[in-house]
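Below is the file structure_19.pdb, which contains PDB, C-alpha atoms, pLDDT in the B column.
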ATOM      1  CA  MET A   1      66.314  52.351 -98.978  1.00 51.00           C
ATOM      2  CA  LYS A   2      67.544  48.973 -97.771  1.00 54.00           C
ATOM      3  CA  ALA A   3      68.499  50.512 -94.398  1.00 51.00           C
ATOM      4  CA  CYS A   4      65.067  52.064 -94.084  1.00 47.00           C
ATOM      5  CA  PHE A   5      63.463  48.689 -94.829  1.00 47.00           C
ATOM      6  CA  PHE A   6      65.562  46.997 -92.101  1.00 47.00           C
ATOM      7  CA  ILE A   7      64.711  49.721 -89.558  1.00 55.00           C
ATOM      8  CA  VAL A   8      60.983  49.288 -90.282  1.00 44.00           C
ATOM      9  CA  LEU A   9      61.388  45.490 -90.123  1.00 44.00           C
ATOM     10  CA  ILE A  10      63.215  45.705 -86.760  1.00 54.00           C
ATOM     11  CA  GLY A  11      60.553  48.111 -85.427  1.00 48.00           C
ATOM     12  CA  LEU A  12      57.744  45.795 -86.488  1.00 44.00           C
ATOM     13  CA  SER A  13      59.570  42.812 -85.021  1.00 47.00           C
ATOM     14  CA  ALA A  14      59.988  44.612 -81.713  1.00 47.00           C
ATOM     15  CA  LEU A  15      56.309  45.551 -81.748  1.00 48.00           C
ATOM     16  CA  PHE A  16      55.322  41.954 -82.535  1.00 48.00           C
ATOM     17  CA  VAL A  17      57.514  40.584 -79.755  1.00 45.00           C
ATOM     18  CA  SER A  18      56.131  43.052 -77.212  1.00 48.00           C
ATOM     19  CA  CYS A  19      52.545  42.289 -78.269  1.00 49.00           C
ATOM     20  CA  SER A  20      53.013  38.550 -78.171  1.00 50.00           C
ATOM     21  CA  ASN A  21      54.632  38.434 -74.724  1.00 57.00           C
ATOM     22  CA  PRO A  22      52.053  36.415 -72.785  1.00 56.00           C
ATOM     23  CA  ASP A  23      53.655  37.087 -69.388  1.00 71.00           C
ATOM     24  CA  ARG A  24      53.641  40.852 -69.763  1.00 81.00           C
ATOM     25  CA  HIS A  25      50.592  41.348 -67.548  1.00 89.00           C
ATOM     26  CA  LYS A  26      50.693  38.063 -65.650  1.00 92.00           C
ATOM     27  CA  GLU A  27      50.566  39.646 -62.170  1.00 93.00           C
ATOM     28  CA  LYS A  28      47.656  41.883 -63.113  1.00 92.00           C
ATOM     29  CA  ILE A  29      45.806  38.992 -64.744  1.00 93.00           C
ATOM     30  CA  ASN A  30      46.280  36.795 -61.672  1.00 94.00           C
ATOM     31  CA  ALA A  31      45.110  39.587 -59.374  1.00 94.00           C
ATOM     32  CA  LEU A  32      42.042  40.241 -61.555  1.00 94.00           C
ATOM     33  CA  ASP A  33      41.200  36.543 -61.668  1.00 95.00           C
ATOM     34  CA  SER A  34      41.520  36.296 -57.874  1.00 95.00           C
ATOM     35  CA  LEU A  35      39.275  39.321 -57.436  1.00 96.00           C
ATOM     36  CA  LYS A  36      36.724  37.785 -59.802  1.00 96.00           C
ATOM     37  CA  ILE A  37      36.685  34.568 -57.789  1.00 96.00           C
ATOM     38  CA  GLU A  38      36.236  36.518 -54.556  1.00 97.00           C
ATOM     39  CA  LEU A  39      33.483  38.608 -56.141  1.00 97.00           C
ATOM     40  CA  ASP A  40      31.772  35.443 -57.440  1.00 97.00           C
ATOM     41  CA  LYS A  41      31.697  34.064 -53.888  1.00 97.00           C
ATOM     42  CA  LYS A  42      30.296  37.284 -52.437  1.00 97.00           C
ATOM     43  CA  ILE A  43      27.675  37.477 -55.198  1.00 98.00           C
ATOM     44  CA  ALA A  44      26.607  33.899 -54.452  1.00 97.00           C
ATOM     45  CA  VAL A  45      26.292  34.629 -50.730  1.00 97.00           C
ATOM     46  CA  PHE A  46      24.451  37.915 -51.313  1.00 97.00           C
ATOM     47  CA  SER A  47      22.110  36.268 -53.837  1.00 97.00           C
ATOM     48  CA  ALA A  48      21.148  33.745 -51.173  1.00 97.00           C
ATOM     49  CA  ILE A  49      19.482  36.445 -49.072  1.00 97.00           C
ATOM     50  CA  ASP A  50      15.857  35.469 -48.599  1.00 96.00           C
ATOM     51  CA  THR A  51      14.162  38.464 -50.224  1.00 96.00           C
ATOM     52  CA  LEU A  52      10.785  36.794 -49.800  1.00 97.00           C
ATOM     53  CA  LYS A  53      11.354  36.680 -46.034  1.00 97.00           C
ATOM     54  CA  ILE A  54      12.298  40.359 -46.112  1.00 97.00           C
ATOM     55  CA  ALA A  55       9.072  41.179 -47.960  1.00 97.00           C
ATOM     56  CA  ARG A  56       7.023  39.084 -45.499  1.00 97.00           C
ATOM     57  CA  SER A  57       8.761  40.793 -42.567  1.00 96.00           C
ATOM     58  CA  ILE A  58       7.964  44.241 -43.934  1.00 97.00           C
ATOM     59  CA  SER A  59       4.342  43.234 -44.498  1.00 97.00           C
ATOM     60  CA  SER A  60       4.096  41.774 -40.996  1.00 96.00           C
ATOM     61  CA  TYR A  61       5.648  44.919 -39.544  1.00 96.00           C
ATOM     62  CA  ASN A  62       3.198  47.174 -41.364  1.00 96.00           C
ATOM     63  CA  ASN A  63       0.212  45.063 -40.310  1.00 96.00           C
ATOM     64  CA  ASN A  64       1.331  44.948 -36.671  1.00 94.00           C
ATOM     65  CA  ILE A  65       1.995  48.683 -36.450  1.00 92.00           C
ATOM     66  CA  LYS A  66      -1.342  49.435 -38.122  1.00 93.00           C
ATOM     67  CA  TRP A  67      -3.203  47.118 -35.733  1.00 91.00           C
ATOM     68  CA  MET A  68      -1.484  48.646 -32.706  1.00 87.00           C
ATOM     69  CA  ARG A  69      -2.270  52.212 -33.783  1.00 86.00           C
ATOM     70  CA  GLU A  70      -5.903  51.357 -34.376  1.00 88.00           C
ATOM     71  CA  ASN A  71      -6.533  49.128 -31.371  1.00 86.00           C
ATOM     72  CA  ILE A  72      -4.233  49.885 -28.460  1.00 80.00           C
ATOM     73  CA  LYS A  73      -5.469  52.938 -26.634  1.00 78.00           C
ATOM     74  CA  ASP A  74      -4.127  52.069 -23.169  1.00 75.00           C
ATOM     75  CA  THR A  75      -0.789  53.018 -21.717  1.00 76.00           C
ATOM     76  CA  LEU A  76       1.917  50.482 -22.492  1.00 74.00           C
ATOM     77  CA  SER A  77       4.434  49.158 -20.006  1.00 76.00           C
ATOM     78  CA  VAL A  78       8.025  50.361 -20.203  1.00 83.00           C
ATOM     79  CA  THR A  79       9.140  46.919 -21.375  1.00 78.00           C
ATOM     80  CA  TYR A  80       6.757  46.933 -24.312  1.00 79.00           C
ATOM     81  CA  LEU A  81       7.497  50.575 -25.128  1.00 83.00           C
ATOM     82  CA  ASN A  82      11.204  49.740 -25.351  1.00 84.00           C
ATOM     83  CA  THR A  83      10.412  46.687 -27.466  1.00 81.00           C
ATOM     84  CA  LEU A  84       8.177  48.773 -29.734  1.00 83.00           C
ATOM     85  CA  LYS A  85      10.895  51.420 -30.085  1.00 87.00           C
ATOM     86  CA  LYS A  86      13.446  48.771 -31.122  1.00 86.00           C
ATOM     87  CA  TYR A  87      10.872  47.120 -33.383  1.00 88.00           C
ATOM     88  CA  GLN A  88      10.274  50.375 -35.231  1.00 87.00           C
ATOM     89  CA  THR A  89      13.993  50.797 -36.018  1.00 90.00           C
ATOM     90  CA  VAL A  90      14.308  47.404 -37.721  1.00 89.00           C
ATOM     91  CA  ASN A  91      11.992  48.269 -40.600  1.00 93.00           C
ATOM     92  CA  ASP A  92      14.279  50.844 -42.271  1.00 94.00           C
ATOM     93  CA  PRO A  93      17.130  48.406 -43.049  1.00 95.00           C
ATOM     94  CA  LEU A  94      14.618  45.891 -44.402  1.00 96.00           C
ATOM     95  CA  LEU A  95      13.082  48.544 -46.660  1.00 96.00           C
ATOM     96  CA  PHE A  96      16.567  49.566 -47.823  1.00 97.00           C
ATOM     97  CA  LEU A  97      17.455  45.974 -48.685  1.00 96.00           C
ATOM     98  CA  GLN A  98      14.168  45.390 -50.469  1.00 96.00           C
ATOM     99  CA  GLY A  99      14.586  48.553 -52.524  1.00 97.00           C
ATOM    100  CA  ASN A 100      18.249  48.104 -53.391  1.00 97.00           C
ATOM    101  CA  PHE A 101      18.781  44.342 -53.612  1.00 97.00           C
ATOM    102  CA  SER A 102      18.527  44.054 -57.397  1.00 97.00           C
ATOM    103  CA  SER A 103      20.620  47.154 -58.117  1.00 98.00           C
ATOM    104  CA  ILE A 104      23.396  45.977 -55.759  1.00 98.00           C
ATOM    105  CA  LEU A 105      23.383  42.585 -57.464  1.00 97.00           C
ATOM    106  CA  LYS A 106      23.365  44.211 -60.921  1.00 98.00           C
ATOM    107  CA  ASP A 107      26.327  46.463 -60.009  1.00 97.00           C
ATOM    108  CA  ALA A 108      28.250  43.480 -58.650  1.00 97.00           C
ATOM    109  CA  GLN A 109      27.617  41.478 -61.844  1.00 97.00           C
ATOM    110  CA  TYR A 110      28.769  44.446 -63.926  1.00 97.00           C
ATOM    111  CA  SER A 111      31.984  44.726 -61.891  1.00 97.00           C
ATOM    112  CA  ARG A 112      32.542  40.974 -62.299  1.00 97.00           C
ATOM    113  CA  ASP A 113      32.049  41.231 -66.077  1.00 97.00           C
ATOM    114  CA  GLN A 114      34.500  44.140 -66.267  1.00 96.00           C
ATOM    115  CA  LEU A 115      37.141  42.100 -64.424  1.00 96.00           C
ATOM    116  CA  LEU A 116      36.582  39.226 -66.824  1.00 96.00           C
ATOM    117  CA  LYS A 117      36.832  41.460 -69.919  1.00 96.00           C
ATOM    118  CA  LEU A 118      39.946  43.262 -68.726  1.00 95.00           C
ATOM    119  CA  SER A 119      41.636  39.987 -67.818  1.00 95.00           C
ATOM    120  CA  SER A 120      40.833  38.632 -71.271  1.00 94.00           C
ATOM    121  CA  ASP A 121      42.116  41.793 -72.977  1.00 94.00           C
ATOM    122  CA  LEU A 122      45.340  41.678 -70.967  1.00 94.00           C
ATOM    123  CA  LYS A 123      45.869  38.006 -71.849  1.00 93.00           C
ATOM    124  CA  LYS A 124      45.515  38.919 -75.517  1.00 92.00           C
ATOM    125  CA  ASN A 125      47.752  41.988 -75.070  1.00 91.00           C
ATOM    126  CA  LEU A 126      45.055  44.266 -76.463  1.00 91.00           C
ATOM    127  CA  VAL A 127      45.805  47.044 -73.974  1.00 91.00           C
ATOM    128  CA  GLU A 128      48.842  49.331 -73.906  1.00 91.00           C
ATOM    129  CA  ASP A 129      50.963  49.167 -70.745  1.00 88.00           C
ATOM    130  CA  GLU A 130      49.979  52.624 -69.485  1.00 89.00           C
ATOM    131  CA  ARG A 131      46.280  52.007 -70.122  1.00 93.00           C
ATOM    132  CA  ALA A 132      46.563  48.512 -68.659  1.00 92.00           C
ATOM    133  CA  PHE A 133      47.760  49.928 -65.353  1.00 92.00           C
ATOM    134  CA  GLU A 134      45.020  52.572 -65.384  1.00 94.00           C
ATOM    135  CA  PHE A 135      42.237  50.097 -66.216  1.00 94.00           C
ATOM    136  CA  TYR A 136      43.614  47.548 -63.760  1.00 94.00           C
ATOM    137  CA  THR A 137      43.649  50.097 -60.942  1.00 95.00           C
ATOM    138  CA  ILE A 138      40.101  51.269 -61.673  1.00 96.00           C
ATOM    139  CA  GLU A 139      38.611  47.785 -61.988  1.00 96.00           C
ATOM    140  CA  LYS A 140      40.482  46.539 -58.927  1.00 96.00           C
ATOM    141  CA  MET A 141      39.180  49.421 -56.816  1.00 97.00           C
ATOM    142  CA  GLU A 142      35.626  48.927 -58.087  1.00 97.00           C
ATOM    143  CA  ALA A 143      35.714  45.177 -57.416  1.00 97.00           C
ATOM    144  CA  GLU A 144      37.090  45.696 -53.910  1.00 97.00           C
ATOM    145  CA  LYS A 145      34.384  48.276 -53.247  1.00 97.00           C
ATOM    146  CA  MET A 146      31.701  45.885 -54.535  1.00 97.00           C
ATOM    147  CA  ASN A 147      33.069  43.124 -52.305  1.00 97.00           C
ATOM    148  CA  GLU A 148      32.662  45.443 -49.321  1.00 98.00           C
ATOM    149  CA  VAL A 149      29.160  46.500 -50.403  1.00 98.00           C
ATOM    150  CA  LEU A 150      28.060  42.890 -50.833  1.00 98.00           C
ATOM    151  CA  GLN A 151      29.562  41.855 -47.507  1.00 97.00           C
ATOM    152  CA  SER A 152      28.126  44.763 -45.514  1.00 97.00           C
ATOM    153  CA  ASN A 153      24.659  44.433 -47.054  1.00 97.00           C
ATOM    154  CA  TYR A 154      24.620  40.681 -46.488  1.00 98.00           C
ATOM    155  CA  GLN A 155      25.534  41.339 -42.861  1.00 97.00           C
ATOM    156  CA  LEU A 156      22.833  44.024 -42.664  1.00 96.00           C
ATOM    157  CA  ALA A 157      20.244  41.588 -44.027  1.00 96.00           C
ATOM    158  CA  LYS A 158      21.251  38.828 -41.634  1.00 96.00           C
ATOM    159  CA  GLU A 159      21.233  41.076 -38.580  1.00 95.00           C
ATOM    160  CA  SER A 160      18.019  42.867 -39.603  1.00 94.00           C
ATOM    161  CA  ILE A 161      16.099  39.632 -40.150  1.00 95.00           C
ATOM    162  CA  ASP A 162      17.345  38.202 -36.841  1.00 94.00           C
ATOM    163  CA  THR A 163      16.477  41.415 -34.991  1.00 92.00           C
ATOM    164  CA  PHE A 164      13.093  41.614 -36.682  1.00 94.00           C
ATOM    165  CA  ASP A 165      12.264  38.033 -35.704  1.00 93.00           C
ATOM    166  CA  LYS A 166      13.210  38.704 -32.095  1.00 91.00           C
ATOM    167  CA  TYR A 167      11.148  41.867 -31.688  1.00 92.00           C
ATOM    168  CA  ASN A 168       8.317  40.706 -33.913  1.00 94.00           C
ATOM    169  CA  ASN A 169       7.714  37.769 -31.561  1.00 93.00           C
ATOM    170  CA  GLU A 170       7.475  40.169 -28.610  1.00 89.00           C
ATOM    171  CA  ILE A 171       5.135  42.532 -30.470  1.00 91.00           C
ATOM    172  CA  GLU A 172       2.899  39.676 -31.559  1.00 91.00           C
ATOM    173  CA  LYS A 173       2.709  38.491 -27.936  1.00 89.00           C
ATOM    174  CA  LEU A 174       1.624  42.018 -26.971  1.00 85.00           C
ATOM    175  CA  ILE A 175      -1.006  42.063 -29.708  1.00 88.00           C
ATOM    176  CA  THR A 176      -2.254  38.616 -28.705  1.00 90.00           C
ATOM    177  CA  SER A 177      -2.522  39.666 -25.053  1.00 85.00           C
ATOM    178  CA  TYR A 178      -4.523  42.774 -26.049  1.00 83.00           C
ATOM    179  CA  LYS A 179      -6.823  40.685 -28.235  1.00 84.00           C
ATOM    180  CA  ILE A 180      -7.460  38.278 -25.344  1.00 85.00           C
ATOM    181  CA  GLU A 181      -8.042  41.115 -22.869  1.00 80.00           C
ATOM    182  CA  SER A 182     -10.485  42.881 -25.165  1.00 75.00           C
ATOM    183  CA  LYS A 183     -12.782  39.842 -25.431  1.00 69.00           C
TER     184      LYS A 183
END

Would you mind writing the structure in this file as structure tokens?
Amino acid sequence: MKACFFIVLIGLSALFVSCSNPDRHKEKINALDSLKIELDKKIAVFSAIDTLKIARSISSYNNNIKWMRENIKDTLSVTYLNTLKKYQTVNDPLLFLQGNFSSILKDAQYSRDQLLKLSSDLKKNLVEDERAFEFYTIEKMEAEKMNEVLQSNYQLAKESIDTFDKYNNEIEKLITSYKIESK
């Protein structure tokens, strides 16, 4: 009976020592914390996208296209036809960004929260080694994917707004010239 007691005591001691080892997941914790910091930066940059400007651009686009369809009956020059063709392609990315901005941001925040929770659980040794590796791998992949999504959509927004501004100026010049000619 005494031997059995000592075996149980040694087993519990080993379990306690393995659970209280704070450095057990140090590399994973550091990697998760680094990913969280990177994700925080990308979220801040993505959040800075001027969604009001996107909405105004879409509205301006719709008004300009409507006016042109209703009022321009003449043949357009090749230059303006090419400009109009390019102008029409810029609206789709703006609509995509307007429709998906909040869900992208929500998904990124969720991924950030998951990194934070897993890091905290690993620091407290609340996760078994096998599960820790599995959870770490999943959350790392998701965070890296979200970083790419945030980066690519920020780039899309920047390029789409710049392109819209360029072609919108040309289209508005065309509209202004038609308004002057029709007087």

Could you tell me how far CA of Leu118 in chain A lies from CA of Ile43 in chain A, in Å and to one decimal? 19.2 Å

Nearest to Thr137 in chain A: which of A:Lys66, A:Glu170, A:Leu115, A:Lys179 is it, counting all atoms listed in the file?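 Among the listed residues, the smallest separation from Thr137 in chain A belongs to A:Leu115.
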
Return the single residue from A:Glu134, A:Lys53, A:Tyr61, A:Leu32 that is closest to Gln88 in chain A, with distances computed using only C-alpha atoms.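 The shortest atom-to-atom distance to Gln88 in chain A comes from A:Tyr61.
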
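Among the candidates A:Asn63, A:Thr89, A:Ser77, A:Ser177, the one nearest to Ser160 in chain A when counting all atoms listed in the file is A:Thr89.
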
As a check of understanding: the span from CA of Ile138 in chain A to CA of Lys124 in chain A is 19.3 Å

Taking a cut-off of 8 Å and counting all atoms listed in the file, can you build a table that, for each residue of range 49-137 of chain A near range 142-159 of chain A, reports the nearest atom pair and how far apart they are in Å (one decimal), sorted by chain then residue number, as JSON lines?
{"residue": "A:Ile49", "atom": "CA", "partner": "A:Tyr154", "partner_atom": "CA", "distance": 7.1}
{"residue": "A:Pro93", "atom": "CA", "partner": "A:Leu156", "partner_atom": "CA", "distance": 7.2}
{"residue": "A:Leu94", "atom": "CA", "partner": "A:Ala157", "partner_atom": "CA", "distance": 7.1}
{"residue": "A:Leu97", "atom": "CA", "partner": "A:Ala157", "partner_atom": "CA", "distance": 7.0}
{"residue": "A:Ile104", "atom": "CA", "partner": "A:Leu150", "partner_atom": "CA", "distance": 7.5}
{"residue": "A:Asp107", "atom": "CA", "partner": "A:Met146", "partner_atom": "CA", "distance": 7.7}
{"residue": "A:Ala108", "atom": "CA", "partner": "A:Met146", "partner_atom": "CA", "distance": 5.9}
{"residue": "A:Ser111", "atom": "CA", "partner": "A:Ala143", "partner_atom": "CA", "distance": 5.8}
{"residue": "A:Arg112", "atom": "CA", "partner": "A:Ala143", "partner_atom": "CA", "distance": 7.2}
{"residue": "A:Leu115", "atom": "CA", "partner": "A:Ala143", "partner_atom": "CA", "distance": 7.8}

Mind checking which residues fall within 12 Å of Val127 in chain A, counting all atoms listed in the file, ignoring those fewer than 2 positions away in the same chain, and posting them as a ChimeraX atom specification? /A:18-20,24-25,117-125,129-136

As an exercise, work out the distance from CA of Asp50 in chain A to CA of Asn168 in chain A in Å and give it to one decimal place.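 So the two atoms, CA of Asp50 in chain A and CA of Asn168 in chain A, lie 17.3 Å apart.
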
Need the shell around Asn91 in chain A: protein/DNA/RNA residues with any atom at most 8 Å away, counting all atoms listed in the file. Skip same-chain ones fewer than 4 positions apart. Format as an mmCIF file with C-alpha atoms, in the coordinates of the input?
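Everything below was put into out.cif:
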data_model
loop_
_atom_site.group_PDB
_atom_site.id
_atom_site.type_symbol
_atom_site.label_atom_id
_atom_site.label_comp_id
_atom_site.auth_asym_id
_atom_site.auth_seq_id
_atom_site.Cartn_x
_atom_site.Cartn_y
_atom_site.Cartn_z
ATOM 1 C CA ILE A 58 7.964 44.241 -43.934
ATOM 2 C CA TYR A 61 5.648 44.919 -39.544
ATOM 3 C CA TYR A 87 10.872 47.120 -33.383
ATOM 4 C CA LEU A 95 13.082 48.544 -46.660
ATOM 5 C CA PHE A 164 13.093 41.614 -36.682
#
